[in-house]
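K.L.:
Have a look at this one before I ask anything.
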Amino acid sequence: MEMNASYTSLVAVGDSFTEGMSDLLPDGSYRGWADVLAGRLATRTPGFRYANLAVRGKLIGQIVDEQVDAAAAMRADVITLVGGLNDTLRPSCDMGMVRGRLEEAVERLAPSCEKLVLMRSPGRNGPVMERFRPRMEELFSLVDDLAARHGAVVVDLYGAPALGDPRLWDVDRLHLTADGHSRVAEAVWQALGLPPESDWRMPLPAAVPPRWARRRVDDLRFARQHLMPWIGRRLTGRSSGDGRTGAQYSSELGSAFWVTPDEGRAPGPVATWRRVDPTPLP
């Protein structure tokens, strides 16, 4: 693998994992691993461009239909694609369809970029994880196969025990905390051939398990605030992503657009971005 590689642009495709939930900023927006990664890449390359097209709740068919063509048209140096996990969490899941649509996405994205990054997504340890593990592992086997066939890079988050630690997951038990997203950004950073800045696989320090009563209170709060609404959306065919577009996608233009670091930013990681025209890089 090339070390100290240089990249001029990044496009992120996927669902809530890539959108950045639950890495919440004070203004109510989400940051997430893709934004963190882009900010770090931008410090290495003047004029760096970035677009995050991911939308929460999207199934693999929606990702392909709504994001893949827009991402391919941008001709980025790096494209990240993470999708299909929402499908595996549905009570009824057509894995044949998931395989077909994910393969379609990879076949369309791989020729359009210098490096395509796929992932074996992390999963929070617990009974839900165990219930859906066979489907997830079938999905990840396909990811490995597609990467081998199309020269993509696979970031194996699923194989990192540290990312299964419940302390790296938000109270909704579906999305990573800011620390979890930071670890994912570091994992992709290293997979791109860049020098390590931290050990993203390092386990968290040992902690005293919460008391039984505390766990029951947390379980009830989780069920009321997150599980029941999630079940309600499944039963009514709704999604948390209904009516939403990616952070760098314009419904008016019908295309994605780039953002680049604000020229007035201070040295160090990028904190603010400004929009540039939607013309793809040459």
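Ligands are numbered from 1 in the order shown, chains are lettered A, B, ... in the order of the structure tokens, and residues start at 1 in each chain.
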Any idea what's packed within 10 Å of A:Leu81, counting only C-alpha atoms, ignoring anything in its chain fewer than 5 positions away? Could you give it as a CSV table (one decimal) with N, CA and C atoms, in the first residue's frame?

P.N.:
chain,number,residue,atom,x,y,z
A,11,VAL,N,-16.0,11.7,-1.8
A,11,VAL,CA,-17.4,11.7,-1.8
A,11,VAL,C,-17.8,10.5,-0.9
A,12,ALA,N,-18.8,10.7,0.0
A,12,ALA,CA,-19.3,9.7,0.9
A,12,ALA,C,-20.7,9.3,0.5
A,13,VAL,N,-21.0,8.0,0.4
A,13,VAL,CA,-22.3,7.5,0.0
A,13,VAL,C,-22.8,6.5,1.0
A,14,GLY,N,-24.1,6.6,1.4
A,14,GLY,CA,-24.6,5.6,2.4
A,14,GLY,C,-25.8,6.1,3.1
A,15,ASP,N,-25.9,5.6,4.4
A,15,ASP,CA,-27.0,5.9,5.2
A,15,ASP,C,-26.6,6.7,6.5
A,18,THR,N,-22.9,7.0,7.7
A,18,THR,CA,-22.0,7.9,7.0
A,18,THR,C,-22.5,9.3,7.1
A,54,ALA,N,-24.8,11.0,2.0
A,54,ALA,CA,-25.5,9.9,2.8
A,54,ALA,C,-26.7,10.5,3.5
A,63,ILE,N,-30.1,3.9,-1.9
A,63,ILE,CA,-28.8,4.5,-2.0
A,63,ILE,C,-28.3,4.4,-3.4
A,68,VAL,N,-25.8,7.0,-6.1
A,68,VAL,CA,-24.7,6.5,-6.8
A,68,VAL,C,-24.3,7.2,-8.1
A,71,ALA,N,-22.7,10.5,-7.2
A,71,ALA,CA,-21.4,10.3,-6.7
A,71,ALA,C,-20.4,10.0,-7.9
A,102,LEU,N,-26.1,-4.0,-4.2
A,102,LEU,CA,-24.8,-3.6,-3.8
A,102,LEU,C,-23.8,-3.8,-4.9
A,105,ALA,N,-24.0,-1.0,-7.3
A,105,ALA,CA,-23.4,0.2,-6.9
A,105,ALA,C,-21.9,0.1,-7.1
A,106,VAL,N,-21.3,-1.0,-6.7
A,106,VAL,CA,-19.8,-1.1,-6.8
A,106,VAL,C,-19.4,-1.0,-8.3
A,109,LEU,N,-19.5,2.6,-9.3
A,109,LEU,CA,-18.6,3.6,-8.6
A,109,LEU,C,-17.2,3.3,-8.8
A,116,LEU,N,-12.0,3.2,-4.3
A,116,LEU,CA,-13.3,3.0,-3.7
A,116,LEU,C,-13.1,2.3,-2.4
A,117,VAL,N,-13.7,2.8,-1.3
A,117,VAL,CA,-13.6,2.2,0.0
A,117,VAL,C,-14.9,1.6,0.4
A,118,LEU,N,-14.9,0.3,0.8
A,118,LEU,CA,-16.1,-0.4,1.3
A,118,LEU,C,-15.8,-0.7,2.8
A,119,MET,N,-16.9,-1.1,3.5
A,119,MET,CA,-16.7,-1.4,4.9
A,119,MET,C,-17.5,-2.6,5.3

K.L.:
Within 8 Å of A:Ser22, counting only C-alpha atoms, which residues qualify if same-chain residues fewer than 2 places away don't, as a VMD selection string?

P.N.:
chain A and resid 20 24 30 32 170 175 to 178

K.L.:
Which one is closest to A:Arg108: A:Arg135, A:Arg75, A:Arg40, A:Arg90? Count only C-alpha atoms.

P.N.:
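That would be A:Arg75, the residue with the smallest distance to A:Arg108.
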
K.L.:
So, counting only C-alpha atoms, which residue among A:Ser16, A:Gln67, A:Gln62, A:Thr8 is closest to A:Gly254?

P.N.:
A:Gln67

K.L.:
Go through A:Ala42, A:Leu37, A:Val143, A:Ser9 and flag the residue nearest A:Cys113, using only C-alpha atoms for the distances.

P.N.:
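Among the listed residues, A:Ser9 lies closest to A:Cys113.
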
K.L.:
Quick one: everything within 10 Å of A:Pro111, counting only C-alpha atoms, minus sequence neighbours fewer than 6 positions away in the same chain. Send it as a list in words.

P.N.:
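What passes the distance filter is Ala72, Arg75, His150 and Gly151 of chain A.
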
K.L.:
Include N, CA and C atoms and write out the residues we just selected as an mmCIF file, in the first residue's frame.

P.N.:
data_model
loop_
_atom_site.group_PDB
_atom_site.id
_atom_site.type_symbol
_atom_site.label_atom_id
_atom_site.label_comp_id
_atom_site.auth_asym_id
_atom_site.auth_seq_id
_atom_site.Cartn_x
_atom_site.Cartn_y
_atom_site.Cartn_z
ATOM 1 N N ALA A 72 -20.830 9.128 -8.767
ATOM 2 C CA ALA A 72 -19.968 8.743 -9.885
ATOM 3 C C ALA A 72 -19.672 9.935 -10.784
ATOM 4 N N ARG A 75 -16.486 12.232 -10.081
ATOM 5 C CA ARG A 75 -15.139 11.777 -10.435
ATOM 6 C C ARG A 75 -14.131 12.077 -9.318
ATOM 7 N N HIS A 150 -13.152 -5.788 -7.803
ATOM 8 C CA HIS A 150 -13.118 -4.435 -8.362
ATOM 9 C C HIS A 150 -11.981 -3.577 -7.815
ATOM 10 N N GLY A 151 -11.069 -4.175 -7.076
ATOM 11 C CA GLY A 151 -9.912 -3.437 -6.581
ATOM 12 C C GLY A 151 -10.234 -2.404 -5.529
#

K.L.:
Just the number, please: distance in Å from atom CA of A:Ala152 to atom CA of A:Ile79, one decimal.

P.N.:
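About the pair atom CA of A:Ala152 and atom CA of A:Ile79: they are 9.9 Å apart.
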
K.L.:
Just how far from atom CA of A:Gly246 is atom CA of A:Leu25, in Å to one decimal?

P.N.:
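The value is 16.9 Å.
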
K.L.:
Suppose you want the space between atom CA of A:Leu89 and atom CA of A:Pro166; what is it in Å?

P.N.:
18.3 Å

K.L.:
Measuring between only C-alpha atoms, which one of A:Ser29, A:Asp87, A:Thr45, A:Glu104 shows the shortest distance to A:Asp69?

P.N.:
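Closest candidate: A:Glu104.
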
K.L.:
If you run DSSP on the backbone, which residues of stretch 123-181 of chain A are helix (DSSP H, G or I), as a PyMOL selection string?

P.N.:
chain A and resi 127-150+161-164+166-168+178-181

K.L.:
Write out as a short mmCIF file (atom, residue, chain, number, x, y, z; two decimals) with N, CA, C and O atoms, in the first residue's frame which residues come within 7 Å of A:Leu157 when counting only C-alpha atoms, dropping same-chain ones fewer than 4 positions away.

P.N.:
data_model
loop_
_atom_site.label_atom_id
_atom_site.label_comp_id
_atom_site.auth_asym_id
_atom_site.auth_seq_id
_atom_site.Cartn_x
_atom_site.Cartn_y
_atom_site.Cartn_z
N MET A 119 -16.85 -1.09 3.48
CA MET A 119 -16.67 -1.39 4.91
C MET A 119 -17.45 -2.61 5.35
O MET A 119 -18.54 -2.88 4.82
N ARG A 120 -16.87 -3.29 6.30
CA ARG A 120 -17.59 -4.26 7.12
C ARG A 120 -17.98 -3.49 8.38
O ARG A 120 -17.14 -3.22 9.22
N SER A 121 -19.25 -3.11 8.47
CA SER A 121 -19.71 -2.16 9.48
C SER A 121 -19.58 -2.73 10.90
O SER A 121 -19.67 -3.95 11.10
N PRO A 122 -19.42 -1.85 11.90
CA PRO A 122 -19.37 -2.31 13.29
C PRO A 122 -20.76 -2.64 13.81
O PRO A 122 -21.77 -2.21 13.23
#

K.L.:
Can you list, as a short mmCIF file (atom, residue, chain, number, x, y, z; two decimals) with all heavy atoms, in the first residue's frame, every protein, DNA or RNA residue that comes within 12 Å of A:Asp156 when you count only C-alpha atoms, leaving out same-chain residues fewer than 2 positions away?

P.N.:
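Result file follows (selection_1.cif):
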data_model
loop_
_atom_site.label_atom_id
_atom_site.label_comp_id
_atom_site.auth_asym_id
_atom_site.auth_seq_id
_atom_site.Cartn_x
_atom_site.Cartn_y
_atom_site.Cartn_z
N VAL A 82 -21.03 2.67 2.03
CA VAL A 82 -21.47 1.79 3.10
C VAL A 82 -22.98 1.71 3.02
O VAL A 82 -23.67 2.71 3.19
CB VAL A 82 -21.05 2.31 4.49
CG1 VAL A 82 -21.35 1.26 5.56
CG2 VAL A 82 -19.57 2.68 4.51
N VAL A 117 -13.73 2.79 -1.33
CA VAL A 117 -13.61 2.24 0.01
C VAL A 117 -14.94 1.62 0.43
O VAL A 117 -15.97 2.30 0.43
CB VAL A 117 -13.20 3.32 1.03
CG1 VAL A 117 -13.13 2.73 2.44
CG2 VAL A 117 -11.85 3.94 0.65
N LEU A 118 -14.92 0.33 0.77
CA LEU A 118 -16.08 -0.37 1.30
C LEU A 118 -15.80 -0.72 2.77
O LEU A 118 -14.66 -0.65 3.22
CB LEU A 118 -16.33 -1.65 0.50
CG LEU A 118 -16.44 -1.51 -1.02
CD1 LEU A 118 -16.62 -2.88 -1.67
CD2 LEU A 118 -17.58 -0.58 -1.40
N MET A 119 -16.85 -1.09 3.48
CA MET A 119 -16.67 -1.39 4.91
C MET A 119 -17.45 -2.61 5.35
O MET A 119 -18.54 -2.88 4.82
CB MET A 119 -17.12 -0.20 5.78
CG MET A 119 -16.27 1.02 5.65
SD MET A 119 -16.72 2.25 6.91
CE MET A 119 -15.90 3.69 6.21
N ARG A 120 -16.87 -3.29 6.30
CA ARG A 120 -17.59 -4.26 7.12
C ARG A 120 -17.98 -3.49 8.38
O ARG A 120 -17.14 -3.22 9.22
CB ARG A 120 -16.70 -5.46 7.44
CG ARG A 120 -16.34 -6.29 6.19
CD ARG A 120 -15.14 -7.19 6.42
NE ARG A 120 -15.29 -8.08 7.55
CZ ARG A 120 -15.76 -9.33 7.49
NH1 ARG A 120 -16.13 -9.82 6.32
NH2 ARG A 120 -15.86 -10.08 8.57
N SER A 121 -19.25 -3.11 8.47
CA SER A 121 -19.71 -2.16 9.48
C SER A 121 -19.58 -2.73 10.90
O SER A 121 -19.67 -3.95 11.10
CB SER A 121 -21.16 -1.79 9.23
OG SER A 121 -21.32 -1.31 7.91
N PRO A 122 -19.42 -1.85 11.90
CA PRO A 122 -19.37 -2.31 13.29
C PRO A 122 -20.76 -2.64 13.81
O PRO A 122 -21.77 -2.21 13.23
CB PRO A 122 -18.79 -1.10 14.03
CG PRO A 122 -19.28 0.07 13.24
CD PRO A 122 -19.28 -0.38 11.80
N GLY A 123 -20.81 -3.38 14.87
CA GLY A 123 -22.09 -3.71 15.50
C GLY A 123 -21.95 -3.70 17.02
O GLY A 123 -20.97 -4.21 17.56
N GLU A 137 -23.17 -11.00 8.34
CA GLU A 137 -21.98 -11.68 7.87
C GLU A 137 -22.12 -12.10 6.40
O GLU A 137 -21.13 -12.12 5.66
CB GLU A 137 -21.67 -12.86 8.77
CG GLU A 137 -21.27 -12.42 10.18
CD GLU A 137 -20.83 -13.54 11.08
OE1 GLU A 137 -21.06 -14.72 10.72
OE2 GLU A 137 -20.26 -13.25 12.15
N PHE A 140 -21.29 -8.91 4.62
CA PHE A 140 -19.86 -8.60 4.65
C PHE A 140 -19.06 -9.55 3.77
O PHE A 140 -18.01 -9.16 3.24
CB PHE A 140 -19.36 -8.65 6.09
CG PHE A 140 -20.04 -7.64 6.99
CD1 PHE A 140 -20.13 -7.87 8.36
CD2 PHE A 140 -20.60 -6.48 6.48
CE1 PHE A 140 -20.76 -6.95 9.19
CE2 PHE A 140 -21.23 -5.56 7.30
CZ PHE A 140 -21.31 -5.79 8.66
N SER A 141 -19.51 -10.78 3.63
CA SER A 141 -18.85 -11.70 2.70
C SER A 141 -18.94 -11.17 1.28
O SER A 141 -17.98 -11.25 0.50
CB SER A 141 -19.49 -13.09 2.81
OG SER A 141 -18.91 -13.97 1.88
N VAL A 143 -19.25 -7.99 0.49
CA VAL A 143 -18.36 -6.83 0.45
C VAL A 143 -16.93 -7.26 0.13
O VAL A 143 -16.26 -6.67 -0.72
CB VAL A 143 -18.41 -6.06 1.78
CG1 VAL A 143 -17.26 -5.05 1.89
CG2 VAL A 143 -19.74 -5.34 1.93
N ASP A 144 -16.46 -8.30 0.80
CA ASP A 144 -15.10 -8.80 0.55
C ASP A 144 -14.96 -9.27 -0.89
O ASP A 144 -13.95 -8.99 -1.57
CB ASP A 144 -14.78 -9.96 1.50
CG ASP A 144 -14.61 -9.51 2.93
OD1 ASP A 144 -14.38 -8.31 3.17
OD2 ASP A 144 -14.71 -10.37 3.83
N ALA A 147 -14.94 -6.27 -3.33
CA ALA A 147 -13.68 -5.54 -3.23
C ALA A 147 -12.58 -6.25 -4.00
O ALA A 147 -11.78 -5.62 -4.71
CB ALA A 147 -13.30 -5.36 -1.77
N VAL A 153 -10.92 -1.08 -1.51
CA VAL A 153 -10.34 -1.25 -0.18
C VAL A 153 -11.46 -1.58 0.80
O VAL A 153 -12.53 -0.95 0.75
CB VAL A 153 -9.62 0.04 0.27
CG1 VAL A 153 -9.15 -0.08 1.71
CG2 VAL A 153 -8.46 0.35 -0.65
N VAL A 154 -11.24 -2.55 1.67
CA VAL A 154 -12.22 -2.90 2.70
C VAL A 154 -11.67 -2.50 4.07
O VAL A 154 -10.56 -2.88 4.44
CB VAL A 154 -12.54 -4.40 2.71
CG1 VAL A 154 -13.50 -4.73 3.86
CG2 VAL A 154 -13.15 -4.83 1.39
N TYR A 158 -16.08 -4.44 11.62
CA TYR A 158 -16.79 -5.55 12.26
C TYR A 158 -15.82 -6.44 13.04
O TYR A 158 -16.17 -6.99 14.08
CB TYR A 158 -17.53 -6.35 11.19
CG TYR A 158 -18.30 -7.54 11.68
CD1 TYR A 158 -19.51 -7.38 12.37
CD2 TYR A 158 -17.87 -8.84 11.42
CE1 TYR A 158 -20.24 -8.48 12.79
CE2 TYR A 158 -18.60 -9.94 11.84
CZ TYR A 158 -19.77 -9.76 12.53
OH TYR A 158 -20.50 -10.85 12.95
N GLY A 159 -14.60 -6.57 12.53
CA GLY A 159 -13.62 -7.44 13.17
C GLY A 159 -12.85 -6.78 14.29
O GLY A 159 -11.90 -7.38 14.81
N ALA A 160 -13.23 -5.56 14.69
CA ALA A 160 -12.54 -4.86 15.76
C ALA A 160 -13.38 -4.93 17.03
O ALA A 160 -14.41 -4.24 17.14
CB ALA A 160 -12.30 -3.40 15.38
N PRO A 161 -13.00 -5.74 18.01
CA PRO A 161 -13.82 -5.89 19.22
C PRO A 161 -14.11 -4.57 19.93
O PRO A 161 -15.18 -4.40 20.52
CB PRO A 161 -12.95 -6.81 20.10
CG PRO A 161 -12.13 -7.59 19.12
CD PRO A 161 -11.83 -6.64 18.01
N LEU A 163 -14.94 -1.74 18.82
CA LEU A 163 -16.10 -1.03 18.28
C LEU A 163 -17.42 -1.71 18.63
O LEU A 163 -18.48 -1.19 18.30
CB LEU A 163 -15.97 -0.88 16.77
CG LEU A 163 -14.95 0.16 16.31
CD1 LEU A 163 -14.83 0.18 14.80
CD2 LEU A 163 -15.29 1.55 16.83
N VAL A 184 -13.57 5.41 13.51
CA VAL A 184 -13.83 5.01 12.13
C VAL A 184 -13.04 5.88 11.16
O VAL A 184 -12.45 5.39 10.19
CB VAL A 184 -15.33 5.08 11.82
CG1 VAL A 184 -15.59 4.80 10.33
CG2 VAL A 184 -16.11 4.08 12.68
N ALA A 187 -9.60 4.66 11.07
CA ALA A 187 -9.50 3.39 10.36
C ALA A 187 -9.47 3.61 8.85
O ALA A 187 -8.67 2.99 8.13
CB ALA A 187 -10.68 2.49 10.74
N VAL A 188 -10.32 4.49 8.34
CA VAL A 188 -10.33 4.77 6.90
C VAL A 188 -9.06 5.51 6.51
O VAL A 188 -8.46 5.24 5.46
CB VAL A 188 -11.58 5.58 6.52
CG1 VAL A 188 -11.59 5.84 5.01
CG2 VAL A 188 -12.85 4.85 6.93
N GLN A 190 -6.10 5.23 7.76
CA GLN A 190 -5.02 4.26 7.61
C GLN A 190 -5.21 3.38 6.38
O GLN A 190 -4.24 3.04 5.69
CB GLN A 190 -4.92 3.41 8.88
CG GLN A 190 -4.49 4.19 10.11
CD GLN A 190 -4.40 3.33 11.36
OE1 GLN A 190 -4.22 2.11 11.28
NE2 GLN A 190 -4.51 3.96 12.53
N ALA A 191 -6.45 3.01 6.08
CA ALA A 191 -6.73 2.19 4.89
C ALA A 191 -6.38 2.91 3.61
O ALA A 191 -6.08 2.27 2.59
CB ALA A 191 -8.20 1.77 4.88
N TRP A 200 -7.01 2.93 16.56
CA TRP A 200 -8.48 2.91 16.61
C TRP A 200 -9.02 1.59 17.13
O TRP A 200 -10.18 1.51 17.53
CB TRP A 200 -9.05 3.22 15.23
CG TRP A 200 -8.74 2.21 14.15
CD1 TRP A 200 -7.65 2.19 13.33
CD2 TRP A 200 -9.53 1.08 13.77
NE1 TRP A 200 -7.70 1.13 12.46
CE2 TRP A 200 -8.84 0.43 12.71
CE3 TRP A 200 -10.74 0.56 14.21
CZ2 TRP A 200 -9.34 -0.72 12.09
CZ3 TRP A 200 -11.24 -0.57 13.59
CH2 TRP A 200 -10.55 -1.21 12.54
N ARG A 201 -8.20 0.57 17.17
CA ARG A 201 -8.63 -0.74 17.68
C ARG A 201 -8.45 -0.89 19.19
O ARG A 201 -8.88 -1.89 19.76
CB ARG A 201 -7.84 -1.86 17.00
CG ARG A 201 -8.04 -1.97 15.48
CD ARG A 201 -7.22 -3.11 14.94
NE ARG A 201 -7.36 -3.29 13.50
CZ ARG A 201 -6.67 -2.61 12.60
NH1 ARG A 201 -5.76 -1.71 13.00
NH2 ARG A 201 -6.85 -2.81 11.30
#

K.L.:
Could you please write out, as a tab-separated table (two decimals) with all heavy atoms, in the first residue's frame, every residue of stretch 100-174 of chain A that DSSP assigns to strand (DSSP E or B)?

P.N.:
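Below is the file that was written, out-v8.tsv:
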chain	number	residue	atom	x	y	z
A	115	LYS	N	-9.96	5.49	-5.88
A	115	LYS	CA	-10.01	4.48	-4.83
A	115	LYS	C	-11.42	4.40	-4.27
A	115	LYS	O	-11.97	5.41	-3.79
A	115	LYS	CB	-9.01	4.80	-3.72
A	115	LYS	CG	-8.77	3.66	-2.74
A	115	LYS	CD	-7.72	4.02	-1.72
A	115	LYS	CE	-6.34	4.23	-2.33
A	115	LYS	NZ	-5.78	2.95	-2.85
A	116	LEU	N	-12.01	3.20	-4.32
A	116	LEU	CA	-13.31	2.95	-3.72
A	116	LEU	C	-13.10	2.26	-2.38
A	116	LEU	O	-12.40	1.25	-2.30
A	116	LEU	CB	-14.17	2.08	-4.64
A	116	LEU	CG	-15.55	1.67	-4.11
A	116	LEU	CD1	-16.43	2.90	-3.88
A	116	LEU	CD2	-16.22	0.70	-5.06
A	117	VAL	N	-13.73	2.79	-1.33
A	117	VAL	CA	-13.61	2.24	0.01
A	117	VAL	C	-14.94	1.62	0.43
A	117	VAL	O	-15.97	2.30	0.43
A	117	VAL	CB	-13.20	3.32	1.03
A	117	VAL	CG1	-13.13	2.73	2.44
A	117	VAL	CG2	-11.85	3.94	0.65
A	118	LEU	N	-14.92	0.33	0.77
A	118	LEU	CA	-16.08	-0.37	1.30
A	118	LEU	C	-15.80	-0.72	2.77
A	118	LEU	O	-14.66	-0.65	3.22
A	118	LEU	CB	-16.33	-1.65	0.50
A	118	LEU	CG	-16.44	-1.51	-1.02
A	118	LEU	CD1	-16.62	-2.88	-1.67
A	118	LEU	CD2	-17.58	-0.58	-1.40
A	119	MET	N	-16.85	-1.09	3.48
A	119	MET	CA	-16.67	-1.39	4.91
A	119	MET	C	-17.45	-2.61	5.35
A	119	MET	O	-18.54	-2.88	4.82
A	119	MET	CB	-17.12	-0.20	5.78
A	119	MET	CG	-16.27	1.02	5.65
A	119	MET	SD	-16.72	2.25	6.91
A	119	MET	CE	-15.90	3.69	6.21
A	120	ARG	N	-16.87	-3.29	6.30
A	120	ARG	CA	-17.59	-4.26	7.12
A	120	ARG	C	-17.98	-3.49	8.38
A	120	ARG	O	-17.14	-3.22	9.22
A	120	ARG	CB	-16.70	-5.46	7.44
A	120	ARG	CG	-16.34	-6.29	6.19
A	120	ARG	CD	-15.14	-7.19	6.42
A	120	ARG	NE	-15.29	-8.08	7.55
A	120	ARG	CZ	-15.76	-9.33	7.49
A	120	ARG	NH1	-16.13	-9.82	6.32
A	120	ARG	NH2	-15.86	-10.08	8.57
A	153	VAL	N	-10.92	-1.08	-1.51
A	153	VAL	CA	-10.34	-1.25	-0.18
A	153	VAL	C	-11.46	-1.58	0.80
A	153	VAL	O	-12.53	-0.95	0.75
A	153	VAL	CB	-9.62	0.04	0.27
A	153	VAL	CG1	-9.15	-0.08	1.71
A	153	VAL	CG2	-8.46	0.35	-0.65
A	154	VAL	N	-11.24	-2.55	1.67
A	154	VAL	CA	-12.22	-2.90	2.70
A	154	VAL	C	-11.67	-2.50	4.07
A	154	VAL	O	-10.56	-2.88	4.44
A	154	VAL	CB	-12.54	-4.40	2.71
A	154	VAL	CG1	-13.50	-4.73	3.86
A	154	VAL	CG2	-13.15	-4.83	1.39
A	155	VAL	N	-12.47	-1.73	4.81
A	155	VAL	CA	-12.13	-1.36	6.18
A	155	VAL	C	-12.95	-2.28	7.09
A	155	VAL	O	-14.18	-2.20	7.12
A	155	VAL	CB	-12.46	0.11	6.47
A	155	VAL	CG1	-12.06	0.47	7.90
A	155	VAL	CG2	-11.73	1.01	5.47
A	156	ASP	N	-12.26	-3.15	7.83
A	156	ASP	CA	-12.95	-4.15	8.64
A	156	ASP	C	-13.22	-3.63	10.04
A	156	ASP	O	-12.46	-3.87	10.97
A	156	ASP	CB	-12.14	-5.44	8.69
A	156	ASP	CG	-12.89	-6.56	9.42
A	156	ASP	OD1	-14.10	-6.40	9.68
A	156	ASP	OD2	-12.25	-7.58	9.74
A	169	TRP	N	-21.36	3.58	21.66
A	169	TRP	CA	-22.63	3.69	20.95
A	169	TRP	C	-23.56	4.64	21.69
A	169	TRP	O	-23.58	4.68	22.91
A	169	TRP	CB	-23.27	2.30	20.81
A	169	TRP	CG	-22.46	1.42	19.91
A	169	TRP	CD1	-21.31	0.76	20.24
A	169	TRP	CD2	-22.69	1.16	18.53
A	169	TRP	NE1	-20.83	0.08	19.15
A	169	TRP	CE2	-21.65	0.30	18.09
A	169	TRP	CE3	-23.69	1.54	17.64
A	169	TRP	CZ2	-21.58	-0.16	16.77
A	169	TRP	CZ3	-23.62	1.07	16.33
A	169	TRP	CH2	-22.58	0.23	15.91

K.L.:
Out of A:Asp145, A:Phe48, A:Met202, A:Glu19, which residue has the shortest atom-to-atom distance to A:Asp35 when counting only C-alpha atoms?

P.N.:
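Looking only at the distances to A:Asp35, the closest residue turns out to be A:Glu19.
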
K.L.:
Between A:Asn86, A:Thr245, A:Ser250, A:Thr272, which residue has the minimum interatomic distance to A:Met136, considering only C-alpha atoms?

P.N.:
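Comparing A:Asn86, A:Thr245, A:Ser250, A:Thr272 against A:Met136, the winner is A:Asn86.
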